[in-house]
Amino acid sequence: MTGSRTYRSQNVESMDLGSMLLGREGQRCVVGVDVGKSKLYLVIRWANGVTSSPVVVSQPSQIGAGIGFLQKLSVGRELRVAMEPSGTYGDAFRYACHRAGLSVEWVPPQASNRHAEVYDGVPSQHDGKDAGVIAELCAIGKSMPWPWSPASEQEQLLSMHADLMGNYQQQVDAWRGRLEALLARHWPEALGLLDLDSRTLLEALIAHGSPAALGSDGGAAERLAEWGGRFLTPQKIQEVVQSARSTCGVPVGAGEARHLVEIATRLLEAKKRLGEHHRELEKLSGGLSAVRVAGEVLGKATMAVLHLAAGDPGNYSSGGAYLKALGLNLVERSSGQYVGRLHISKRGSPEARRWLYLSALRQLEDPAIERWYAAKVKRDGGRRGKAVTGVMRKLALGIYHCCRTGEVFKNEHVFQNRRSGRHRRRRRRMGALMAGVSVGRAERPHDLSTGDSKGVAVGDTAARATAQSDRGSPGGKKVNGDRRVPKSRPTATPMPSGTTTATGAAAGAKSGTHPRRRSRR
């Protein structure tokens, strides 16, 4: 595409389609669609790589005209329509294409974003150019079929409750922050006695409006006991009433009391709505496979959100594919001598990762996960964020495995140290290799320092060990995937079976320990 008027657009109702199709009878084409809030930009890319100027379709008044334009264009030729998943603004046009029998394909937004400069040599992006980029990516095979498939009634209800839960959770967080700021000024002692969103504190603020009014109420203790129930001890009730009477906070004025009452009312109402949608979400998600296998451990609502975001985990070809759908696959940016750090891609639904993150934090109280988490933090130099991300990845892989096999999800199965036995055996063999002796699984040396060579098999195995150590020693490369071997370390020499190597005896006598124990330092 060259020229100063390459991206000059025309309205769909003023297009002369007949002149555009002259000499292109039967030629295949792809139509790229860039979706905007009020306009759609359509660019036609022919099989020979030539593209047309952008065609503008106003939403929603000209969607019918745009579909008619595409239907005329598809007569006598293969036509594909390519779009990006731009929220809900393109759903009306996509549904219209479905009703008209036009095939729609999906192009990932990150691909079109990175292909912008390759498209015309200029790193600019605008609506007309984006439509051409989408058409080109579809033509070269960077798209996937995107048929219209209406959600079932259960999925619609699950989506509704999950969406409203997210909205009410944001309201709870916002009102909690405002209430904390006011209490820090007028009743700071309450922050250490009751939770900010506890029903007892909110009902007390709604009923009295200020700590002074609560402290002067003779029946405050009985009312607090009624609101708190069995979760509020008599001692805690007395502490709350006493703190309200002797608080060091700023006295509450009439307007400030109304402010406290309003915020407490809003927070309590948001918490009630949040709990209602949470219970409904758990009730509706009982039939999902992910909920059946892992709902009791990780939470039914969490598994329902993961199902809405990535579908049934059992339908994926591998655990890595499921991690990629959740945006938990590891990526890096390295070039030349610069080696970037591994981090998750964060593609897919951020809401699903947020729910899984909160579930991972709750699971850290499990001893099986706590041991793994502590070891991971130690290996990473105290970086706890990476360890929590590692817990999320292992939980996701465990969910996938259980959905594929039908097993019930258990933390101890996911976080058990399966490599411990193999790792110890490998380290024992490595210790014997460094001492110049090969140790098999069935035959173990008893005491090389005394010359007792029972069960020592050197022969061909020692020769292989010598060759392997010779290959692995230059530059300190790894041997058998274990510790680095210094270049100057002596290697064993082949000897007849049933004899003792001088190197092994000397090493055992020098250190005073068994070669297997030496490798455990």
# chains A, B, ... in the order shown; residues from 1 in each chain; ligands from 1

call {"tool": "closest_atom_pairs", "arguments": {"of": "region 19-86 of chain A", "to": "region 113-134 of chain A", "cutoff": "12 Å", "atoms": "only C-alpha atoms", "output": "Markdown table"}}
result
| residue | atom | partner | partner_atom | distance |
| --- | --- | --- | --- | --- |
| A:Val30 | CA | A:Ile134 | CA | 9.3 |
| A:Val31 | CA | A:Ala131 | CA | 8.1 |
| A:Gly32 | CA | A:Ala131 | CA | 4.8 |
| A:Val33 | CA | A:Ala131 | CA | 5.1 |
| A:Asp34 | CA | A:Ala131 | CA | 4.8 |
| A:Val35 | CA | A:Asp127 | CA | 8.2 |
| A:Gly36 | CA | A:Asp127 | CA | 8.2 |
| A:Lys37 | CA | A:Asp127 | CA | 11.5 |
| A:Ser38 | CA | A:Asp127 | CA | 11.9 |
| A:Lys39 | CA | A:Asp127 | CA | 9.4 |
| A:Leu40 | CA | A:Asp127 | CA | 8.4 |
| A:Tyr41 | CA | A:Gly128 | CA | 6.0 |
| A:Leu42 | CA | A:Ala131 | CA | 6.0 |
| A:Val43 | CA | A:Gly132 | CA | 5.4 |
| A:Ile44 | CA | A:Gly132 | CA | 7.5 |
| A:Arg45 | CA | A:Gly132 | CA | 7.4 |
| A:Trp46 | CA | A:Gly132 | CA | 11.1 |
| A:Gly49 | CA | A:Gly132 | CA | 10.7 |
| A:Val50 | CA | A:Gly132 | CA | 10.3 |
| A:Thr51 | CA | A:Gly132 | CA | 7.3 |
| A:Ser52 | CA | A:Gly132 | CA | 8.6 |
| A:Ser53 | CA | A:Gly128 | CA | 8.0 |
| A:Pro54 | CA | A:Gly128 | CA | 5.5 |
| A:Val55 | CA | A:Gly128 | CA | 8.3 |
| A:Val56 | CA | A:Gly128 | CA | 8.8 |
| A:Val57 | CA | A:Gly128 | CA | 11.8 |
| A:Arg80 | CA | A:Ile134 | CA | 11.5 |
| A:Val81 | CA | A:Ile134 | CA | 9.6 |
| A:Ala82 | CA | A:Ile134 | CA | 6.5 |
| A:Met83 | CA | A:Ile134 | CA | 6.9 |
| A:Glu84 | CA | A:Ile134 | CA | 7.7 |
| A:Pro85 | CA | A:Ile134 | CA | 11.5 |

call {"tool": "residues_around", "arguments": {"residues": "Glu262 (chain A)", "least_positions_apart": "5", "cutoff": "12 Å", "atoms": "only C-alpha atoms", "output": "compact mmCIF listing (two decimals) with all heavy atoms, in the first residue's frame"}}
result
# COMPACT_ATOMS: atom_id res chain seq x y z
N TRP A 175 -15.75 1.33 50.08
CA TRP A 175 -16.39 1.80 51.31
C TRP A 175 -15.55 1.46 52.54
O TRP A 175 -15.52 2.23 53.51
CB TRP A 175 -17.79 1.22 51.45
CG TRP A 175 -18.78 1.71 50.44
CD1 TRP A 175 -19.50 0.96 49.55
CD2 TRP A 175 -19.17 3.07 50.20
NE1 TRP A 175 -20.30 1.76 48.77
CE2 TRP A 175 -20.12 3.07 49.16
CE3 TRP A 175 -18.80 4.29 50.76
CZ2 TRP A 175 -20.71 4.22 48.68
CZ3 TRP A 175 -19.39 5.45 50.27
CH2 TRP A 175 -20.33 5.42 49.26
N ARG A 178 -12.86 4.11 52.93
CA ARG A 178 -13.36 5.39 53.45
C ARG A 178 -13.71 5.28 54.94
O ARG A 178 -13.47 6.23 55.71
CB ARG A 178 -14.59 5.81 52.65
CG ARG A 178 -14.29 6.10 51.19
CD ARG A 178 -15.47 6.69 50.49
NE ARG A 178 -15.15 7.01 49.10
CZ ARG A 178 -15.96 7.68 48.28
NH1 ARG A 178 -17.14 8.09 48.72
NH2 ARG A 178 -15.60 7.92 47.04
N LEU A 179 -14.29 4.16 55.33
CA LEU A 179 -14.63 3.99 56.74
C LEU A 179 -13.37 3.94 57.60
O LEU A 179 -13.33 4.50 58.72
CB LEU A 179 -15.44 2.70 56.91
CG LEU A 179 -15.88 2.37 58.34
CD1 LEU A 179 -16.79 3.47 58.88
CD2 LEU A 179 -16.59 1.02 58.40
N LEU A 182 -12.14 7.48 58.32
CA LEU A 182 -12.93 8.22 59.30
C LEU A 182 -12.73 7.67 60.71
O LEU A 182 -12.66 8.44 61.68
CB LEU A 182 -14.41 8.16 58.92
CG LEU A 182 -14.82 8.96 57.67
CD1 LEU A 182 -16.29 8.78 57.36
CD2 LEU A 182 -14.48 10.44 57.86
N LEU A 202 -20.48 -2.23 62.00
CA LEU A 202 -21.34 -1.49 61.08
C LEU A 202 -22.70 -1.20 61.69
O LEU A 202 -23.24 -0.08 61.56
CB LEU A 202 -21.48 -2.27 59.77
CG LEU A 202 -20.18 -2.53 59.00
CD1 LEU A 202 -20.45 -3.31 57.72
CD2 LEU A 202 -19.50 -1.21 58.66
N GLU A 203 -23.29 -2.19 62.35
CA GLU A 203 -24.60 -1.97 62.98
C GLU A 203 -24.49 -0.95 64.11
O GLU A 203 -25.40 -0.12 64.30
CB GLU A 203 -25.14 -3.28 63.53
CG GLU A 203 -25.51 -4.32 62.46
CD GLU A 203 -26.83 -4.01 61.78
OE1 GLU A 203 -27.39 -2.92 62.04
OE2 GLU A 203 -27.30 -4.85 60.99
N LEU A 205 -22.38 1.58 64.27
CA LEU A 205 -22.25 2.91 63.67
C LEU A 205 -23.58 3.38 63.07
O LEU A 205 -23.92 4.57 63.17
CB LEU A 205 -21.17 2.89 62.60
CG LEU A 205 -19.73 2.71 63.08
CD1 LEU A 205 -18.77 2.58 61.91
CD2 LEU A 205 -19.32 3.87 63.99
N ILE A 206 -24.33 2.48 62.47
CA ILE A 206 -25.61 2.86 61.90
C ILE A 206 -26.60 3.27 62.99
O ILE A 206 -27.38 4.23 62.84
CB ILE A 206 -26.18 1.70 61.05
CG1 ILE A 206 -25.29 1.46 59.83
CG2 ILE A 206 -27.61 2.00 60.61
CD1 ILE A 206 -25.67 0.22 59.04
N ALA A 207 -26.58 2.56 64.12
CA ALA A 207 -27.54 2.83 65.19
C ALA A 207 -27.17 4.07 66.01
O ALA A 207 -28.07 4.79 66.49
CB ALA A 207 -27.63 1.62 66.12
N HIS A 208 -25.88 4.35 66.19
CA HIS A 208 -25.47 5.44 67.08
C HIS A 208 -24.82 6.60 66.34
O HIS A 208 -24.96 7.75 66.76
CB HIS A 208 -24.51 4.91 68.15
CG HIS A 208 -25.13 3.88 69.04
ND1 HIS A 208 -25.09 2.53 68.76
CD2 HIS A 208 -25.81 3.99 70.21
CE1 HIS A 208 -25.69 1.86 69.71
NE2 HIS A 208 -26.15 2.72 70.61
N GLY A 209 -24.07 6.34 65.29
CA GLY A 209 -23.47 7.42 64.51
C GLY A 209 -22.14 7.91 65.03
O GLY A 209 -21.40 8.55 64.27
N GLY A 255 -22.73 16.58 61.12
CA GLY A 255 -22.53 16.21 59.72
C GLY A 255 -21.63 14.99 59.57
O GLY A 255 -21.85 14.13 58.72
N GLU A 256 -20.61 14.91 60.41
CA GLU A 256 -19.70 13.76 60.35
C GLU A 256 -20.38 12.48 60.82
O GLU A 256 -20.08 11.39 60.32
CB GLU A 256 -18.47 14.05 61.21
CG GLU A 256 -17.59 15.17 60.65
CD GLU A 256 -16.51 15.61 61.63
OE1 GLU A 256 -16.74 15.49 62.85
OE2 GLU A 256 -15.46 16.09 61.18
N ALA A 257 -21.32 12.59 61.77
CA ALA A 257 -22.08 11.42 62.20
C ALA A 257 -22.94 10.89 61.04
O ALA A 257 -23.04 9.68 60.83
CB ALA A 257 -22.95 11.77 63.40
N LEU A 267 -21.67 0.07 53.09
CA LEU A 267 -20.76 -1.07 53.22
C LEU A 267 -21.51 -2.33 53.63
O LEU A 267 -21.28 -3.42 53.09
CB LEU A 267 -19.66 -0.75 54.22
CG LEU A 267 -18.63 -1.86 54.51
CD1 LEU A 267 -17.99 -2.36 53.23
CD2 LEU A 267 -17.56 -1.36 55.48
N LEU A 268 -22.43 -2.20 54.56
CA LEU A 268 -23.19 -3.36 55.01
C LEU A 268 -24.08 -3.90 53.89
O LEU A 268 -24.19 -5.12 53.70
CB LEU A 268 -24.04 -2.99 56.22
CG LEU A 268 -24.84 -4.12 56.88
CD1 LEU A 268 -23.89 -5.22 57.37
CD2 LEU A 268 -25.68 -3.58 58.03
N GLU A 269 -24.68 -3.01 53.12
CA GLU A 269 -25.53 -3.44 52.00
C GLU A 269 -24.70 -4.13 50.91
O GLU A 269 -25.12 -5.16 50.36
CB GLU A 269 -26.25 -2.23 51.42
CG GLU A 269 -27.19 -2.54 50.26
CD GLU A 269 -28.38 -3.39 50.66
OE1 GLU A 269 -28.71 -3.41 51.87
OE2 GLU A 269 -28.96 -4.04 49.78

call {"tool": "residues_around", "arguments": {"residues": "Glu25 (chain A)", "least_positions_apart": "2", "cutoff": "8 Å", "atoms": "only C-alpha atoms", "output": "number ranges by chain"}}
result
A: 21-23, 27, 76-77

call {"tool": "write_last_selection", "arguments": {"atoms": "C-alpha atoms", "output": "PDB file, in the first residue's frame"}}
result
ATOM      1  CA  LEU A  21     -15.147  -5.826  -8.607  1.00  0.00           C
ATOM      2  CA  LEU A  22     -14.192  -5.289 -12.251  1.00  0.00           C
ATOM      3  CA  GLY A  23     -11.601  -7.879 -13.259  1.00  0.00           C
ATOM      4  CA  GLN A  27     -11.041 -14.001  -6.672  1.00  0.00           C
ATOM      5  CA  GLY A  76     -19.242 -16.038  -6.620  1.00  0.00           C
ATOM      6  CA  ARG A  77     -16.179 -15.976  -4.361  1.00  0.00           C
TER       7      ARG A  77
END

call {"tool": "residues_around", "arguments": {"residues": "Ser243 (chain A)", "least_positions_apart": "3", "cutoff": "12 Å", "atoms": "only C-alpha atoms", "output": "list in words"}}
result
His186, Trp187, Pro188, Glu189, Ala190, Leu191, Gly192, Leu193, Leu194, Ser210, Pro211, Ala212, Leu214, Gly215, Ser216, Lys236, Ile237, Gln238, Glu239, Val240, Ser246, Thr247, Cys248 and Gly249 of chain A

call {"tool": "residues_around", "arguments": {"residues": "region 358-375 of chain A", "least_positions_apart": "4", "cutoff": "12 Å", "atoms": "only C-alpha atoms", "output": "PyMOL selection string"}}
result
chain A and resi 294-303+305-306+351-354+379-396+410-418

call {"tool": "write_last_selection", "arguments": {"atoms": "N, CA and C atoms", "output": "short mmCIF file (atom, residue, chain, number, x, y, z; two decimals), in the first residue's frame"}}
result
data_model
loop_
_atom_site.label_atom_id
_atom_site.label_comp_id
_atom_site.auth_asym_id
_atom_site.auth_seq_id
_atom_site.Cartn_x
_atom_site.Cartn_y
_atom_site.Cartn_z
N ALA A 294 -12.35 -30.14 42.59
CA ALA A 294 -11.51 -29.22 43.38
C ALA A 294 -12.30 -28.17 44.13
N GLY A 295 -13.61 -28.18 44.03
CA GLY A 295 -14.40 -27.13 44.67
C GLY A 295 -14.30 -27.13 46.18
N GLU A 296 -14.21 -28.31 46.81
CA GLU A 296 -14.16 -28.38 48.26
C GLU A 296 -12.86 -27.83 48.82
N VAL A 297 -11.79 -27.89 48.04
CA VAL A 297 -10.48 -27.43 48.52
C VAL A 297 -10.22 -25.99 48.12
N LEU A 298 -10.41 -25.67 46.86
CA LEU A 298 -10.07 -24.35 46.34
C LEU A 298 -11.23 -23.38 46.34
N GLY A 299 -12.45 -23.86 46.58
CA GLY A 299 -13.61 -22.99 46.59
C GLY A 299 -14.45 -23.15 45.33
N LYS A 300 -15.75 -23.33 45.52
CA LYS A 300 -16.63 -23.52 44.36
C LYS A 300 -16.73 -22.28 43.51
N ALA A 301 -16.78 -21.11 44.14
CA ALA A 301 -16.85 -19.87 43.37
C ALA A 301 -15.59 -19.66 42.54
N THR A 302 -14.44 -19.98 43.11
CA THR A 302 -13.18 -19.85 42.36
C THR A 302 -13.17 -20.74 41.14
N MET A 303 -13.59 -21.99 41.30
CA MET A 303 -13.59 -22.91 40.18
C MET A 303 -14.62 -22.50 39.12
N VAL A 305 -15.44 -19.37 38.39
CA VAL A 305 -14.84 -18.26 37.65
C VAL A 305 -13.79 -18.77 36.67
N LEU A 306 -12.98 -19.74 37.08
CA LEU A 306 -11.99 -20.32 36.17
C LEU A 306 -12.67 -21.00 34.99
N GLU A 351 -9.40 -11.48 35.85
CA GLU A 351 -10.28 -11.84 36.96
C GLU A 351 -10.04 -13.27 37.41
N ALA A 352 -9.81 -14.18 36.46
CA ALA A 352 -9.52 -15.57 36.82
C ALA A 352 -8.23 -15.67 37.61
N ARG A 353 -7.20 -14.93 37.21
CA ARG A 353 -5.93 -14.96 37.96
C ARG A 353 -6.11 -14.34 39.34
N ARG A 354 -6.95 -13.33 39.47
CA ARG A 354 -7.18 -12.73 40.78
C ARG A 354 -7.83 -13.73 41.73
N ARG A 379 14.88 -20.45 47.96
CA ARG A 379 15.64 -20.58 46.71
C ARG A 379 15.68 -19.28 45.92
N ASP A 380 14.59 -18.49 46.01
CA ASP A 380 14.50 -17.26 45.24
C ASP A 380 15.04 -16.05 45.99
N GLY A 381 15.74 -16.28 47.08
CA GLY A 381 16.34 -15.16 47.80
C GLY A 381 15.35 -14.31 48.56
N GLY A 382 14.26 -14.90 49.04
CA GLY A 382 13.29 -14.17 49.84
C GLY A 382 12.19 -13.50 49.05
N ARG A 383 12.10 -13.74 47.76
CA ARG A 383 11.05 -13.12 46.93
C ARG A 383 9.77 -13.94 47.07
N ARG A 384 8.82 -13.41 47.83
CA ARG A 384 7.59 -14.15 48.11
C ARG A 384 6.60 -14.09 46.96
N GLY A 385 6.64 -13.03 46.17
CA GLY A 385 5.70 -12.93 45.06
C GLY A 385 5.87 -14.06 44.06
N LYS A 386 7.12 -14.39 43.73
CA LYS A 386 7.37 -15.48 42.80
C LYS A 386 6.89 -16.81 43.38
N ALA A 387 7.03 -16.98 44.68
CA ALA A 387 6.60 -18.23 45.31
C ALA A 387 5.08 -18.37 45.24
N VAL A 388 4.35 -17.28 45.45
CA VAL A 388 2.89 -17.34 45.34
C VAL A 388 2.48 -17.66 43.90
N THR A 389 3.18 -17.07 42.94
CA THR A 389 2.91 -17.40 41.54
C THR A 389 3.18 -18.86 41.26
N GLY A 390 4.24 -19.41 41.85
CA GLY A 390 4.51 -20.84 41.70
C GLY A 390 3.40 -21.69 42.28
N VAL A 391 2.84 -21.28 43.41
CA VAL A 391 1.70 -22.00 43.98
C VAL A 391 0.51 -21.95 43.04
N MET A 392 0.25 -20.80 42.44
CA MET A 392 -0.86 -20.68 41.49
C MET A 392 -0.67 -21.63 40.30
N ARG A 393 0.53 -21.70 39.78
CA ARG A 393 0.79 -22.56 38.63
C ARG A 393 0.60 -24.03 38.99
N LYS A 394 1.07 -24.43 40.15
CA LYS A 394 0.92 -25.83 40.55
C LYS A 394 -0.54 -26.16 40.83
N LEU A 395 -1.29 -25.22 41.40
CA LEU A 395 -2.71 -25.45 41.62
C LEU A 395 -3.44 -25.63 40.28
N ALA A 396 -3.10 -24.80 39.29
CA ALA A 396 -3.74 -24.91 37.98
C ALA A 396 -3.41 -26.25 37.32
N LYS A 410 -6.30 -32.88 45.91
CA LYS A 410 -5.72 -32.83 47.25
C LYS A 410 -4.39 -32.10 47.18
N ASN A 411 -4.18 -31.19 48.12
CA ASN A 411 -2.95 -30.41 48.11
C ASN A 411 -1.71 -31.27 48.29
N GLU A 412 -1.81 -32.31 49.13
CA GLU A 412 -0.62 -33.13 49.38
C GLU A 412 -0.20 -33.91 48.15
N HIS A 413 -1.14 -34.18 47.22
CA HIS A 413 -0.78 -34.86 45.98
C HIS A 413 -0.08 -33.91 45.00
N VAL A 414 -0.49 -32.67 45.01
CA VAL A 414 0.08 -31.70 44.07
C VAL A 414 1.46 -31.23 44.53
N PHE A 415 1.64 -31.09 45.83
CA PHE A 415 2.87 -30.50 46.35
C PHE A 415 3.78 -31.51 47.02
N GLN A 416 3.57 -32.79 46.80
CA GLN A 416 4.48 -33.77 47.38
C GLN A 416 5.81 -33.75 46.64
N ASN A 417 6.89 -34.06 47.36
CA ASN A 417 8.24 -34.02 46.79
C ASN A 417 8.52 -35.34 46.09
N ARG A 418 8.10 -35.45 44.84
CA ARG A 418 8.24 -36.70 44.11
C ARG A 418 9.68 -36.96 43.68
#

call {"tool": "residues_around", "arguments": {"residues": "His277 (chain A)", "least_positions_apart": "2", "cutoff": "10 Å", "atoms": "only C-alpha atoms", "output": "count of residues only"}}
result
19

call {"tool": "residues_around", "arguments": {"residues": "region 342-344 of chain A", "least_positions_apart": "3", "cutoff": "9 Å", "atoms": "only C-alpha atoms", "output": "compact mmCIF listing (two decimals) with N, CA, C and O atoms, in the first residue's frame"}}
result
# COMPACT_ATOMS: atom_id res chain seq x y z
N GLY A 327 -3.03 -17.38 31.38
CA GLY A 327 -1.98 -16.37 31.42
C GLY A 327 -0.91 -16.66 32.44
O GLY A 327 -0.20 -15.76 32.89
N LEU A 328 -0.73 -17.95 32.82
CA LEU A 328 0.26 -18.34 33.81
C LEU A 328 1.47 -19.02 33.19
O LEU A 328 2.31 -19.55 33.93
N ASN A 329 1.56 -19.06 31.87
CA ASN A 329 2.74 -19.64 31.23
C ASN A 329 3.92 -18.68 31.36
O ASN A 329 3.76 -17.46 31.40
N LEU A 330 5.13 -19.25 31.43
CA LEU A 330 6.33 -18.45 31.65
C LEU A 330 6.88 -17.94 30.32
O LEU A 330 6.96 -18.68 29.34
N VAL A 331 7.28 -16.68 30.29
CA VAL A 331 7.88 -16.06 29.11
C VAL A 331 9.12 -15.30 29.56
O VAL A 331 9.31 -15.01 30.75
N GLU A 332 9.96 -14.97 28.61
CA GLU A 332 11.17 -14.18 28.91
C GLU A 332 11.53 -13.34 27.70
O GLU A 332 11.09 -13.61 26.57
N ARG A 333 12.32 -12.33 27.93
CA ARG A 333 12.86 -11.48 26.86
C ARG A 333 14.37 -11.47 27.00
O ARG A 333 14.91 -10.86 27.93
N ARG A 347 -1.70 -13.19 30.00
CA ARG A 347 -2.71 -13.16 28.96
C ARG A 347 -4.00 -13.80 29.50
O ARG A 347 -4.00 -14.50 30.49
N LYS A 386 7.12 -14.39 43.73
CA LYS A 386 7.37 -15.48 42.80
C LYS A 386 6.89 -16.81 43.38
O LYS A 386 6.40 -17.68 42.64
N THR A 389 3.18 -17.07 42.94
CA THR A 389 2.91 -17.40 41.54
C THR A 389 3.18 -18.86 41.26
O THR A 389 2.43 -19.51 40.51

call {"tool": "select_by_dssp", "arguments": {"residues": "region 200-420 of chain A", "states": "alpha helix (DSSP H)", "output": "ChimeraX atom specification"}}
result
/A:200-208,211-216,220-228,234-245,254-284,289-298,300-310,319-326,350-363,367-379,384-405,411-414,420

call {"tool": "closest_residue", "arguments": {"among": "A:Gly286, A:Thr88, A:Cys97, A:Glu153", "to": "Gln71 (chain A)", "atoms": "only C-alpha atoms"}}
result
A:Cys97

call {"tool": "atom_distance", "arguments": {"atom1": "CA of Asp312 (chain A)", "atom2": "CA of Ser289 (chain A)"}}
result
7.2 Å

call {"tool": "closest_residue", "arguments": {"among": "A:Val339, A:Ala184, A:Ala221, A:Leu70", "to": "Gln235 (chain A)", "atoms": "only C-alpha atoms"}}
result
A:Ala221

call {"tool": "closest_residue", "arguments": {"among": "A:Gln62, A:Gln154, A:Arg266, A:Ser159", "to": "His278 (chain A)", "atoms": "only C-alpha atoms"}}
result
A:Ser159
